[in-house]
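Source file entry23.cif; content: mmCIF, C-alpha atoms.
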data_entry
#
loop_
_atom_site.label_atom_id
_atom_site.label_comp_id
_atom_site.auth_asym_id
_atom_site.auth_seq_id
_atom_site.Cartn_x
_atom_site.Cartn_y
_atom_site.Cartn_z
CA MET A 21 -12.40 -30.04 -0.15
CA ILE A 22 -11.03 -33.58 0.16
CA ARG A 23 -13.58 -34.92 -2.32
CA PHE A 24 -12.86 -32.04 -4.73
CA LEU A 25 -9.09 -32.63 -4.64
CA ALA A 26 -9.41 -36.43 -4.76
CA LYS A 27 -11.38 -36.26 -8.02
CA ARG A 28 -8.62 -34.24 -9.62
CA LEU A 29 -5.50 -35.75 -8.08
CA ILE A 30 -6.28 -39.46 -7.54
CA ARG A 31 -6.99 -41.66 -10.54
CA ASP A 32 -9.89 -44.07 -10.01
CA HIS A 33 -10.48 -42.35 -6.65
CA LYS A 34 -13.49 -44.54 -5.72
CA ASN A 35 -11.56 -47.82 -5.89
CA PHE A 36 -10.65 -47.81 -2.17
CA THR A 37 -9.10 -51.30 -2.20
CA SER A 38 -6.43 -50.28 -4.74
CA PRO A 39 -3.00 -49.78 -3.10
CA LYS A 40 -2.34 -46.77 -5.33
CA VAL A 41 -5.67 -45.16 -4.42
CA ARG A 42 -5.00 -45.79 -0.70
CA GLU A 43 -1.57 -44.21 -1.06
CA GLY A 44 -3.11 -41.24 -2.86
CA TYR A 45 -5.67 -40.61 -0.14
CA GLY A 46 -3.03 -41.03 2.58
CA VAL A 47 -0.68 -38.51 1.00
CA LEU A 48 -3.52 -36.07 0.22
CA CYS A 49 -5.00 -36.16 3.74
CA GLY A 50 -1.53 -35.96 5.26
CA ALA A 51 -0.63 -32.86 3.23
CA ILE A 52 -3.90 -31.13 4.12
CA GLY A 53 -3.36 -32.05 7.78
CA ILE A 54 0.11 -30.48 7.75
CA ILE A 55 -1.16 -27.21 6.29
CA LEU A 56 -4.21 -26.87 8.55
CA ASN A 57 -2.32 -27.77 11.72
CA LEU A 58 0.48 -25.29 10.94
CA LEU A 59 -2.10 -22.54 10.44
CA LEU A 60 -3.79 -23.46 13.73
CA PHE A 61 -0.44 -23.49 15.53
CA LEU A 62 0.46 -20.01 14.28
CA GLY A 63 -2.96 -18.60 15.17
CA LYS A 64 -3.06 -20.11 18.66
CA PHE A 65 0.56 -19.24 19.43
CA VAL A 66 -0.10 -15.59 18.63
CA ALA A 67 -3.34 -15.66 20.63
CA GLY A 68 -1.67 -17.41 23.59
CA THR A 69 1.22 -14.92 23.61
CA VAL A 70 -1.15 -11.96 23.52
CA SER A 71 -3.32 -13.35 26.33
CA ASN A 72 -0.41 -14.85 28.35
CA SER A 73 -2.32 -18.16 28.48
CA ILE A 74 -0.44 -21.41 29.07
CA ALA A 75 -3.55 -23.34 28.07
CA VAL A 76 -3.77 -21.67 24.66
CA ILE A 77 -0.03 -21.99 24.06
CA SER A 78 -0.20 -25.67 25.06
CA ASP A 79 -3.05 -26.16 22.62
CA ALA A 80 -0.94 -24.47 19.95
CA PHE A 81 1.97 -26.84 20.43
CA ASN A 82 -0.49 -29.71 20.37
CA ASN A 83 -1.38 -28.60 16.84
CA LEU A 84 2.31 -28.37 15.96
CA SER A 85 2.77 -31.99 17.05
CA ASP A 86 -0.30 -32.87 14.95
CA SER A 87 1.42 -31.31 11.95
CA GLY A 88 4.45 -33.52 12.54
CA SER A 89 2.17 -36.51 12.98
CA SER A 90 0.52 -35.77 9.63
CA LEU A 91 3.95 -35.62 8.01
CA ILE A 92 4.88 -39.02 9.48
CA SER A 93 1.54 -40.50 8.36
CA MET A 94 2.08 -39.16 4.84
CA ILE A 95 5.55 -40.72 4.71
CA GLY A 96 4.07 -43.95 6.07
CA PHE A 97 1.48 -44.14 3.30
CA LYS A 98 4.16 -43.42 0.71
CA PHE A 99 6.41 -46.21 1.97
CA SER A 100 3.57 -48.70 2.49
CA GLY A 101 2.57 -48.25 -1.15
CA LYS A 102 5.95 -49.53 -2.39
CA LYS A 103 5.86 -52.76 -4.34
CA PRO A 104 7.34 -56.00 -2.94
CA ASP A 105 11.07 -56.47 -3.44
CA PRO A 106 13.55 -59.30 -2.76
CA ASP A 107 14.10 -58.12 0.82
CA HIS A 108 10.39 -57.60 1.51
CA PRO A 109 8.49 -60.16 -0.60
CA PHE A 110 5.20 -59.38 1.20
CA GLY A 111 5.41 -55.66 0.47
CA HIS A 112 5.72 -52.69 2.81
CA GLY A 113 2.10 -52.41 3.99
CA ARG A 114 2.96 -52.71 7.70
CA PHE A 115 4.98 -49.51 7.51
CA GLU A 116 1.62 -47.74 7.78
CA TYR A 117 1.12 -49.36 11.19
CA ILE A 118 4.61 -48.27 12.23
CA ALA A 119 3.78 -44.72 11.17
CA GLY A 120 0.59 -44.86 13.24
CA LEU A 121 2.59 -46.07 16.25
CA ILE A 122 5.04 -43.17 15.89
CA VAL A 123 2.09 -40.77 15.71
CA SER A 124 0.65 -42.17 18.94
CA LEU A 125 4.03 -41.94 20.70
CA LEU A 126 4.36 -38.29 19.66
CA ILE A 127 0.87 -37.64 21.03
CA LEU A 128 1.85 -39.25 24.36
CA LEU A 129 5.10 -37.28 24.53
CA MET A 130 3.32 -34.00 23.84
CA GLY A 131 0.66 -34.81 26.45
CA PHE A 132 3.33 -35.46 29.08
CA GLU A 133 5.18 -32.21 28.29
CA LEU A 134 1.96 -30.18 28.45
CA ALA A 135 0.98 -31.81 31.75
CA THR A 136 4.38 -30.88 33.22
CA SER A 137 4.27 -27.24 32.10
CA SER A 138 0.65 -26.82 33.21
CA ALA A 139 1.36 -28.34 36.63
CA LYS A 140 4.21 -25.88 37.14
CA LYS A 141 1.86 -22.98 36.49
CA LEU A 142 -0.51 -24.29 39.17
CA PHE A 143 2.15 -23.46 41.78
CA ALA A 144 3.18 -20.19 40.11
CA PRO A 145 -0.03 -18.79 38.54
CA GLN A 146 0.13 -15.82 36.16
CA GLN A 147 -2.61 -13.41 35.21
CA THR A 148 -4.12 -13.97 31.76
CA VAL A 149 -5.42 -11.19 29.51
CA PHE A 150 -8.86 -11.65 27.97
CA SER A 151 -8.93 -11.14 24.20
CA TRP A 152 -11.75 -11.59 21.70
CA LEU A 153 -9.03 -12.42 19.16
CA THR A 154 -8.19 -15.47 21.26
CA VAL A 155 -11.85 -16.45 21.48
CA GLY A 156 -12.28 -16.16 17.70
CA ILE A 157 -9.16 -18.19 16.93
CA LEU A 158 -10.17 -20.95 19.35
CA ALA A 159 -13.69 -21.11 17.94
CA ALA A 160 -12.32 -21.32 14.38
CA SER A 161 -9.89 -24.03 15.50
CA ILE A 162 -12.77 -26.17 16.81
CA LEU A 163 -14.56 -25.94 13.47
CA VAL A 164 -11.40 -26.82 11.55
CA LYS A 165 -10.71 -29.82 13.79
CA LEU A 166 -14.29 -31.02 13.42
CA TYR A 167 -13.82 -30.95 9.66
CA MET A 168 -10.54 -32.86 9.98
CA LEU A 169 -12.23 -35.37 12.29
CA VAL A 170 -14.96 -36.07 9.75
CA TYR A 171 -12.70 -36.56 6.74
CA ASN A 172 -10.07 -38.62 8.60
CA LEU A 173 -12.60 -41.05 10.04
CA SER A 174 -14.56 -41.21 6.77
CA ILE A 175 -11.55 -41.83 4.53
CA GLY A 176 -9.91 -44.05 7.16
CA LYS A 177 -12.98 -46.30 7.18
CA LYS A 178 -13.18 -46.44 3.39
CA ILE A 179 -9.52 -47.38 2.89
CA ASN A 180 -9.30 -49.38 6.16
CA SER A 181 -6.43 -47.31 7.59
CA ALA A 182 -5.56 -47.60 11.29
CA ALA A 183 -3.15 -44.65 11.00
CA MET A 184 -5.85 -42.38 9.60
CA ARG A 185 -8.37 -43.49 12.22
CA SER A 186 -5.76 -42.66 14.87
CA THR A 187 -5.45 -39.19 13.36
CA GLY A 188 -9.23 -38.85 13.48
CA ILE A 189 -9.29 -39.83 17.18
CA ASP A 190 -6.61 -37.22 17.82
CA CYS A 191 -8.77 -34.60 16.06
CA LEU A 192 -11.66 -35.49 18.36
CA SER A 193 -9.48 -35.02 21.43
CA ASP A 194 -8.29 -31.71 19.97
CA CYS A 195 -11.91 -30.56 19.61
CA ILE A 196 -12.62 -31.43 23.24
CA SER A 197 -9.44 -29.88 24.59
CA THR A 198 -9.83 -26.67 22.57
CA THR A 199 -13.45 -26.38 23.71
CA VAL A 200 -12.24 -26.62 27.32
CA VAL A 201 -9.60 -23.97 26.62
CA LEU A 202 -12.25 -21.72 25.06
CA LEU A 203 -14.53 -22.08 28.08
CA CYS A 204 -11.65 -21.31 30.44
CA THR A 205 -10.72 -18.27 28.39
CA LEU A 206 -14.28 -16.97 28.69
CA LEU A 207 -14.47 -17.68 32.44
CA SER A 208 -10.98 -16.55 33.47
CA PRO A 209 -11.91 -12.82 33.92
CA ILE A 210 -14.70 -13.66 36.38
CA VAL A 211 -13.11 -16.40 38.56
CA SER A 212 -10.25 -16.17 41.06
CA ILE A 213 -8.80 -19.67 40.80
CA PRO A 214 -5.91 -20.41 38.35
CA LEU A 215 -8.33 -21.71 35.75
CA ASP A 216 -5.80 -21.39 32.93
CA ALA A 217 -3.36 -23.80 34.60
CA TRP A 218 -6.10 -26.31 35.46
CA CYS A 219 -7.32 -26.10 31.88
CA GLY A 220 -3.80 -26.89 30.67
CA VAL A 221 -3.76 -30.00 32.87
CA GLY A 222 -7.15 -31.06 31.48
CA VAL A 223 -5.93 -30.62 27.91
CA SER A 224 -2.89 -32.78 28.59
CA VAL A 225 -5.08 -35.55 30.06
CA PHE A 226 -7.23 -35.63 26.90
CA ILE A 227 -4.08 -35.81 24.79
CA LEU A 228 -2.61 -38.67 26.85
CA ILE A 229 -5.84 -40.70 26.63
CA ALA A 230 -6.03 -40.18 22.87
CA GLY A 231 -2.39 -41.19 22.44
CA PHE A 232 -2.88 -44.36 24.48
CA ARG A 233 -5.92 -45.40 22.44
CA ALA A 234 -4.14 -44.67 19.17
CA ALA A 235 -1.15 -46.76 20.30
CA ILE A 236 -3.41 -49.76 20.98
CA ASP A 237 -5.02 -49.44 17.53
CA THR A 238 -1.63 -49.58 15.80
CA VAL A 239 0.22 -52.07 18.05
CA ASN A 240 -2.47 -54.76 17.73
CA PRO A 241 -2.09 -55.31 13.96
CA LEU A 242 1.71 -55.29 14.34
CA LEU A 243 1.55 -58.04 16.96
CA GLY A 244 -1.08 -59.96 15.01
CA MET A 245 -4.82 -60.05 15.60
CA PRO A 246 -7.82 -61.99 14.30
CA PRO A 247 -9.35 -60.85 11.01
CA GLU A 248 -12.64 -58.96 10.96
CA PRO A 249 -15.67 -61.28 11.35
CA GLU A 250 -17.12 -59.85 8.13
CA PHE A 251 -13.98 -60.82 6.22
CA VAL A 252 -14.06 -64.35 7.66
CA GLN A 253 -17.71 -64.69 6.66
CA GLN A 254 -16.90 -63.55 3.12
CA ILE A 255 -14.26 -66.25 2.86
CA ARG A 256 -16.65 -68.92 4.13
CA ASP A 257 -19.42 -67.81 1.78
CA ILE A 258 -17.13 -67.91 -1.25
CA VAL A 259 -15.59 -71.30 -0.45
CA LEU A 260 -18.85 -73.01 0.54
CA SER A 261 -20.66 -71.63 -2.51
CA HIS A 262 -18.92 -74.41 -4.44
CA PRO A 263 -21.00 -77.59 -4.02
CA ASP A 264 -17.96 -79.89 -4.04
CA VAL A 265 -16.76 -78.40 -0.72
CA VAL A 266 -18.65 -79.72 2.32
CA GLY A 267 -16.81 -77.77 5.04
CA ILE A 268 -13.77 -75.66 5.90
CA HIS A 269 -11.47 -75.36 8.91
CA ASP A 270 -7.98 -74.20 9.94
CA LEU A 271 -8.60 -70.79 8.40
CA ILE A 272 -5.65 -68.43 8.95
CA VAL A 273 -5.40 -64.86 7.67
CA HIS A 274 -1.94 -63.28 7.61
CA ASN A 275 -2.09 -59.48 7.47
CA TYR A 276 0.91 -57.75 5.90
CA GLY A 277 -0.85 -54.40 5.73
CA PRO A 278 -4.09 -53.17 4.16
CA GLY A 279 -4.67 -54.89 0.84
CA ARG A 280 -1.85 -57.39 1.49
CA ARG A 281 -3.41 -60.44 3.11
CA ILE A 282 -2.56 -64.10 2.71
CA ILE A 283 -5.25 -66.71 3.37
CA SER A 284 -4.74 -70.41 4.07
CA LEU A 285 -7.46 -72.92 4.89
CA HIS A 286 -8.44 -76.58 4.71
CA ALA A 287 -11.38 -77.49 2.47
CA GLU A 288 -13.23 -80.72 3.20
CA VAL A 289 -14.16 -82.66 0.06
CA PRO A 290 -15.75 -86.12 -0.47
CA CYS A 291 -13.09 -88.83 -0.42
CA ASP A 292 -14.82 -90.76 -3.22
CA ALA A 293 -14.77 -87.81 -5.65
CA ASN A 294 -12.43 -87.62 -8.63
CA MET A 295 -9.27 -86.00 -7.24
CA LEU A 296 -8.34 -84.34 -10.54
CA THR A 297 -11.77 -82.74 -10.74
CA ILE A 298 -11.65 -81.63 -7.10
CA HIS A 299 -8.15 -80.23 -7.57
CA GLU A 300 -9.43 -78.08 -10.41
CA VAL A 301 -12.29 -76.88 -8.20
CA ILE A 302 -9.82 -75.91 -5.46
CA ASP A 303 -7.74 -73.97 -7.98
CA ASP A 304 -10.88 -72.11 -9.08
CA ILE A 305 -11.73 -71.25 -5.46
CA GLU A 306 -8.22 -69.91 -4.84
CA THR A 307 -8.53 -67.72 -7.93
CA ASP A 308 -12.00 -66.59 -6.85
CA LEU A 309 -10.80 -65.61 -3.37
CA SER A 310 -7.79 -63.75 -4.74
CA ARG A 311 -9.89 -61.83 -7.27
CA ARG A 312 -12.80 -60.91 -5.00
CA LEU A 313 -10.94 -60.27 -1.74
CA ASN A 314 -7.66 -58.89 -3.13
CA CYS A 315 -5.55 -61.50 -1.33
CA LEU A 316 -3.33 -64.52 -1.92
CA ALA A 317 -5.16 -67.76 -1.12
CA THR A 318 -3.78 -71.26 -0.52
CA ILE A 319 -6.15 -74.19 0.11
CA HIS A 320 -5.34 -77.67 1.40
CA MET A 321 -7.73 -80.48 0.44
CA ASP A 322 -9.04 -82.74 3.21
CA PRO A 323 -10.81 -85.84 1.80
CA ILE A 324 -13.51 -87.03 4.21
CA ALA A 325 -16.04 -89.86 4.16
CA THR A 326 -19.50 -88.53 3.41
CA ASN A 327 -21.37 -91.70 2.37
CA ASP A 328 -20.13 -94.43 4.73
CA PRO A 329 -22.85 -94.98 7.41
CA LYS A 330 -20.46 -96.60 9.92
CA THR A 331 -17.97 -93.73 9.71
CA LEU A 332 -20.78 -91.19 10.03
CA SER A 333 -22.09 -92.94 13.15
CA TYR A 334 -18.63 -92.79 14.74
CA LYS A 335 -18.39 -89.12 13.80
CA ILE A 336 -21.73 -88.40 15.49
CA LEU A 337 -20.47 -90.23 18.57
CA ALA A 338 -17.31 -88.08 18.72
CA ALA A 339 -19.25 -84.87 18.04
CA GLN A 340 -21.61 -85.60 20.95
CA ALA A 341 -18.62 -86.12 23.24
CA VAL A 342 -17.09 -82.82 22.14
CA LYS A 343 -20.38 -81.03 22.87
CA GLU A 344 -19.98 -81.97 26.54
CA LEU A 345 -17.09 -79.49 26.77
CA GLU A 346 -17.79 -75.96 27.97
CA GLY A 347 -17.93 -73.25 25.33
CA ASN A 348 -18.33 -73.22 21.57
CA ILE A 349 -15.97 -76.12 20.80
CA SER A 350 -15.80 -77.81 17.39
CA MET A 351 -14.05 -80.75 15.74
CA HIS A 352 -12.79 -81.57 12.25
CA ASP A 353 -10.49 -83.86 10.25
CA PHE A 354 -12.38 -86.93 11.46
CA ARG A 355 -11.29 -90.37 10.26
CA VAL A 356 -11.55 -93.94 11.44
CA VAL A 357 -8.80 -96.58 11.62
CA HIS A 358 -9.96 -100.08 12.50
CA GLY A 359 -7.60 -102.20 14.63
CA THR A 360 -7.72 -105.83 15.78
CA GLY A 361 -9.05 -105.16 19.27
CA HIS A 362 -10.42 -101.62 19.05
CA THR A 363 -11.29 -98.78 16.67
CA ASN A 364 -9.30 -95.56 16.58
CA LEU A 365 -11.26 -92.33 16.12
CA ILE A 366 -8.78 -89.72 14.95
CA PHE A 367 -9.84 -86.06 14.87
CA ASP A 368 -8.94 -82.48 15.82
CA VAL A 369 -10.67 -80.50 18.58
CA VAL A 370 -10.61 -76.71 18.16
CA LEU A 371 -10.18 -74.76 21.40
CA PRO A 372 -10.14 -71.00 21.92
CA PHE A 373 -6.98 -69.37 23.24
CA GLY A 374 -7.01 -69.19 27.04
CA TYR A 375 -9.39 -72.13 27.44
CA ARG A 376 -9.88 -72.93 31.12
CA PHE A 377 -8.93 -76.62 30.79
CA SER A 378 -5.57 -77.96 29.66
CA ASP A 379 -5.16 -79.86 26.39
CA GLU A 380 -4.70 -83.12 28.28
CA GLN A 381 -7.85 -82.53 30.34
CA VAL A 382 -9.80 -81.97 27.14
CA ARG A 383 -8.45 -85.21 25.63
CA GLN A 384 -9.39 -87.16 28.73
CA THR A 385 -12.88 -85.66 28.94
CA VAL A 386 -13.70 -86.41 25.31
CA SER A 387 -12.11 -89.88 25.37
CA GLN A 388 -14.05 -90.88 28.50
CA ALA A 389 -17.31 -89.59 27.02
CA VAL A 390 -16.75 -91.73 23.89
CA SER A 391 -15.75 -94.82 25.91
CA ARG A 392 -18.94 -94.64 27.96
CA LYS A 393 -20.95 -94.95 24.74
CA ASP A 394 -18.69 -97.46 22.97
CA ALA A 395 -15.92 -99.17 24.94
CA SER A 396 -14.30 -100.48 21.74
CA CYS A 397 -13.40 -96.95 20.60
CA ARG A 398 -10.13 -95.17 21.33
CA CYS A 399 -9.73 -91.45 20.63
CA VAL A 400 -6.59 -89.97 19.09
CA ILE A 401 -7.14 -86.24 19.53
CA ASN A 402 -5.07 -83.37 18.20
CA ILE A 403 -5.73 -80.03 19.90
CA ASP A 404 -6.12 -77.17 17.43
CA ARG A 405 -6.66 -73.41 17.86
CA ASP A 406 -9.02 -71.02 16.09
CA TYR A 407 -7.00 -68.21 14.50
CA SER A 408 -9.92 -66.58 12.70
CA SER A 409 -12.29 -65.51 15.50
CA SER A 410 -12.13 -62.46 17.74
CA PRO A 411 -12.42 -62.75 21.56
CA GLY A 412 -16.05 -61.62 21.48
CA GLU A 413 -17.00 -64.59 19.28
CA ARG A 414 -15.41 -67.27 21.46
#
For the file at hand, write its structure as C-alpha cells.
Amino acid sequence: MIRFLAKRLIRDHKNFTSPKVREGYGVLCGAIGIILNLLLFLGKFVAGTVSNSIAVISDAFNNLSDSGSSLISMIGFKFSGKKPDPDHPFGHGRFEYIAGLIVSLLILLMGFELATSSAKKLFAPQQTVFSWLTVGILAASILVKLYMLVYNLSIGKKINSAAMRSTGIDCLSDCISTTVVLLCTLLSPIVSIPLDAWCGVGVSVFILIAGFRAAIDTVNPLLGMPPEPEFVQQIRDIVLSHPDVVGIHDLIVHNYGPGRRIISLHAEVPCDANMLTIHEVIDDIETDLSRRLNCLATIHMDPIATNDPKTLSYKILAAQAVKELEGNISMHDFRVVHGTGHTNLIFDVVLPFGYRFSDEQVRQTVSQAVSRKDASCRCVINIDRDYSSSPGER
C-alpha cells in the first residue's frame, strides 16, 4: 500500500536523499499510522470491554498513544522540511529528532500508566469473559502491526529517519505485547491465576523498554554523535581521489538533520606546489563533496613537505615515538623549525575521547621517546581529538 500511494502522491519518490521526498514519505507514513492505530484502538477497546480484560484495554490505549505518536511524527516531518530562514540558517531538520523524542516520551508515559493499572488489578482481580471476537481482533492487530513494522523500518532506513525507526521499534513491541495478550486470552478460561493482570504488567514492561530505546535513538543525534563510518569513508575516498591531496585530518561532520550536514576538514597538499592551482583543486573537491553527498563542505589547505629528505626523516622519528602510545593514535600537521641549539618538531597528536592518559602525560611520553633517538630534537605537541570515529573504531 505504501509503495502504491508513494508512486501517486510523492514526486520523484525514489530519490530518498531529497528533503521534499523525505517529507512526503514522513507525512504519508504518519497519516497511514494514524488511521491504522485508530482502527486498532476502536477494535481492541470494544473487545476489551466485552471480555472485561484489562490487558486488552491496555493494549487498546497503547494503540491510541501510537496514533498520537504518528501525528507528532507527521508534524515533525512537515516542520523539518521547511527551508532555512534568517532565524534558522541551517534549516529545521533537527525538529524531526525532537518529534522522535516526544514520541518516545509518550511511549514511556503510556507504559507507566499501563503498569500502574495492571498492578492494581493484581490485588483486585476480576473475572474475564472469553470471546472469539477478542481473539480475532487481537490476531488481526498482530498482522497489521507486522505490516507497519516492515514499512516503517524499510522507509526509515531508506530516508535515514530516526523518528521512523523509533516508530518501527514501537510496532515490534506492539506485536510482542499483543501476542502475549492473545495467549493470555486463550489461556484465561483454563487457569486460576489472575493471568489478565500479569499480562497487563508484561505489556507495560515491553512498552517501557521500547520507549527507552527510542529515546536513546533520538537524544543521541540531538546531543551530537560521530557520523556513520560509511559516510566518513565516502568523504575520504572522494577527497583522496584527487592526486594533489596526500592526506586529510581534522574531519568534522555537523549534523543539522537528515540531508543537512556541514563538513569541514584539513587537506594536506605539497608545500612546493603552485598555490593557485591547489586552491582551484580544493574548490573542485568542495563542489564534488557537496554534489555527491548533499552537504556543505569547507576545506582548509595544509601545505606539508613531501620531498625534503631531512624533514621526512624527522617525521618518521616522531611517528615512531607516537606508535609507542597505547591504542590507535595518529599524528598530523608535522613541520620542522630549526633553532640555534636544537630542532623543534611541531605536530598534532590525535587522541580518542576518554583516553587513559592525560594530555601532558602523552606529551612527555612522546617527547622522551624522540629525545632518546635524537637529543637535539624538542617536541612541540598539540593534542587533538578525533570527531569522526565511533567508539567501536577507537
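If all atoms listed in the file are the atoms counted, then among A:Ala159, A:Val221, A:Ala395, A:Leu134 the closest residue to Leu203 in chain A is A:Ala159.
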Residues near Gly63 in chain A, anyone? I mean within 8 Å using only C-alpha atoms, not counting same-chain ones fewer than 3 positions away, as a list in words. Leu59, Leu60, Val66, Ala67, Ala80 and Ile157 of chain A
Those selected residues, please, written with C-alpha atoms and delivered as a PDB file, in the frame of the given file.
ATOM      1  CA  LEU A  59      -2.100 -22.540  10.440  1.00  0.00           C
ATOM      2  CA  LEU A  60      -3.790 -23.460  13.730  1.00  0.00           C
ATOM      3  CA  VAL A  66      -0.100 -15.590  18.630  1.00  0.00           C
ATOM      4  CA  ALA A  67      -3.340 -15.660  20.630  1.00  0.00           C
ATOM      5  CA  ALA A  80      -0.940 -24.470  19.950  1.00  0.00           C
ATOM      6  CA  ILE A 157      -9.160 -18.190  16.930  1.00  0.00           C
TER       7      ILE A 157
END
Set out as JSON lines a contact list for range 23-63 of chain A and range 168-171 of chain A with a cut-off of 9 Å, giving each residue of range 23-63 of chain A that qualifies its closest atom pair and distance in Å to one decimal, counting only C-alpha atoms, ordered by chain and rising residue number.
{"residue": "A:Cys49", "atom": "CA", "partner": "A:Tyr171", "partner_atom": "CA", "distance": 8.3}
{"residue": "A:Gly53", "atom": "CA", "partner": "A:Met168", "partner_atom": "CA", "distance": 7.6}
{"residue": "A:Leu56", "atom": "CA", "partner": "A:Met168", "partner_atom": "CA", "distance": 8.8}
Applied to the shown file, which residues does the PyMOL selection byres ((chain A and resi 283) around 6) return, written as a list in words? Ile272, Val273, Ile282, Ser284 and Ala317 of chain A
Write the residues you've just listed into a file as a compact mmCIF listing (two decimals), keeping the file's coordinate frame, and include C-alpha atoms for each of them.
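What follows is the written file result.txt:
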# COMPACT_ATOMS: atom_id res chain seq x y z
CA ILE A 272 -5.65 -68.43 8.95
CA VAL A 273 -5.40 -64.86 7.67
CA ILE A 282 -2.56 -64.10 2.71
CA SER A 284 -4.74 -70.41 4.07
CA ALA A 317 -5.16 -67.76 -1.12
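Residues captured in this structure file are A:Met130, A:Gly131, A:Phe132, A:Leu134, A:Ala135, A:Gly220, A:Val221, A:Gly222, A:Val223, A:Val225, A:Phe226, A:Ile227, A:Leu228, according to the PyMOL selection byres ((chain A and resi 224) around 8).
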Give as a PDB file with C-alpha atoms, keeping the file's coordinate frame every residue, naming chains and numbers as the document does, that has an atom within 6 Å of (-7.6, -76.7, 7.8), counting all atoms listed in the file.
ATOM      1  CA  HIS A 269     -11.470 -75.360   8.910  1.00  0.00           C
ATOM      2  CA  ASP A 270      -7.980 -74.200   9.940  1.00  0.00           C
ATOM      3  CA  LEU A 285      -7.460 -72.920   4.890  1.00  0.00           C
ATOM      4  CA  HIS A 286      -8.440 -76.580   4.710  1.00  0.00           C
TER       5      HIS A 286
END
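Running the PyMOL selection byres ((chain A and resi 400) around 9) on this file leaves Asn364, Leu365, Ile366, Phe367, Asp368, Arg383, Ser387, Arg398, Cys399, Ile401 and Asn402 of chain A selected.
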Per-residue nearest contacts of range 216-297 of chain A to range 180-195 of chain A (8 Å; only C-alpha atoms) as CSV:
residue,atom,partner,partner_atom,distance
A:Phe226,CA,A:Ser193,CA,5.9
A:Ile227,CA,A:Ser193,CA,6.4
A:Ala230,CA,A:Asp190,CA,5.9
A:Gly231,CA,A:Asp190,CA,7.4
A:Ala234,CA,A:Ser186,CA,5.0
A:Asp237,CA,A:Ala182,CA,6.5
A:Thr238,CA,A:Ala182,CA,6.3
A:Pro278,CA,A:Asn180,CA,6.7
Point (-13.8, -80.3, 7.6) neighbourhood (6 Å, only C-alpha atoms) written as a list in words: Gly267, Ile268, His269, Glu288, His352 and Asp353 of chain A
For Ser73 in chain A, find every residue with an atom within 7 Å (counting all atoms listed in the file), except residues of its own chain fewer than 4 positions away, and show them as a ChimeraX atom specification. /A:68-69,77,148,216
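Minimum atom-to-atom distances from A:Val76, A:Ile324, A:Leu173, A:Val386 to Leu202 in chain A were compared using all atoms listed in the file, and the lowest value belongs to A:Val76.
Nearest to Leu48 in chain A of all the residues A:Ser90, A:Ser78, A:Gln254, A:Asn327 is A:Ser90, counting all atoms listed in the file.
For the pair CA of Val70 in chain A and CA of Leu158 in chain A, the separation is 13.4 Å.
Between CA of His274 in chain A and CA of Asp322 in chain A the interatomic distance comes to 21.2 Å.
Between CA of Leu215 in chain A and CA of Leu142 in chain A the separation is 8.9 Å.
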Contacts of Ser310 in chain A at 12 Å (only C-alpha atoms; same-chain gap of 3+ positions) as a PyMOL selection string: chain A and resi 255+258-259+279-284+303-307+313-319
Counting only C-alpha atoms, which residue out of A:Ile122, A:Val201, A:Val382, A:Ala139 sits closest to Thr154 in chain A? A:Val201
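Those residues that approach Lys102 in chain A to within 7 Å, counting only C-alpha atoms, are Phe99, Gly111 and His112 of chain A; same-chain residues fewer than 3 positions away are not listed.
When all atoms listed in the file are used to compute distances to Ile74 in chain A, the closest of the residues A:Phe354, A:Phe377, A:Phe115, A:Trp218 turns out to be A:Trp218.
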Write out as a ChimeraX atom specification each polymer residue whose atoms come within 8 Å of Ile403 in chain A, counting all atoms listed in the file; drop sequence neighbours fewer than 2 positions from it. /A:368-371,379,401,405
How would range 106-130 of chain A look written as a PDB file, in the first residue's frame with C-alpha atoms?
ATOM      1  CA  PRO A 106      17.065  34.127   8.962  1.00  0.00           C
ATOM      2  CA  ASP A 107      16.360  32.706  12.425  1.00  0.00           C
ATOM      3  CA  HIS A 108      17.331  29.146  11.460  1.00  0.00           C
ATOM      4  CA  PRO A 109      20.033  29.413   8.768  1.00  0.00           C
ATOM      5  CA  PHE A 110      20.795  25.670   8.989  1.00  0.00           C
ATOM      6  CA  GLY A 111      17.189  24.657   8.380  1.00  0.00           C
ATOM      7  CA  HIS A 112      14.728  22.816  10.605  1.00  0.00           C
ATOM      8  CA  GLY A 113      15.961  19.243  10.132  1.00  0.00           C
ATOM      9  CA  ARG A 114      16.529  18.615  13.851  1.00  0.00           C
ATOM     10  CA  PHE A 115      12.827  19.101  14.510  1.00  0.00           C
ATOM     11  CA  GLU A 116      12.456  15.501  13.314  1.00  0.00           C
ATOM     12  CA  TYR A 117      14.671  14.384  16.198  1.00  0.00           C
ATOM     13  CA  ILE A 118      12.579  16.440  18.615  1.00  0.00           C
ATOM     14  CA  ALA A 119       9.448  14.760  17.272  1.00  0.00           C
ATOM     15  CA  GLY A 120      11.062  11.358  17.781  1.00  0.00           C
ATOM     16  CA  LEU A 121      11.934  12.306  21.366  1.00  0.00           C
ATOM     17  CA  ILE A 122       8.329  13.338  22.059  1.00  0.00           C
ATOM     18  CA  VAL A 123       7.158  10.005  20.617  1.00  0.00           C
ATOM     19  CA  SER A 124       9.486   8.093  22.940  1.00  0.00           C
ATOM     20  CA  LEU A 125       8.339  10.112  25.973  1.00  0.00           C
ATOM     21  CA  LEU A 126       4.703   9.347  25.140  1.00  0.00           C
ATOM     22  CA  ILE A 127       5.579   5.658  24.891  1.00  0.00           C
ATOM     23  CA  LEU A 128       7.243   5.792  28.327  1.00  0.00           C
ATOM     24  CA  LEU A 129       4.289   7.645  29.850  1.00  0.00           C
ATOM     25  CA  MET A 130       1.810   5.138  28.438  1.00  0.00           C
TER      26      MET A 130
END
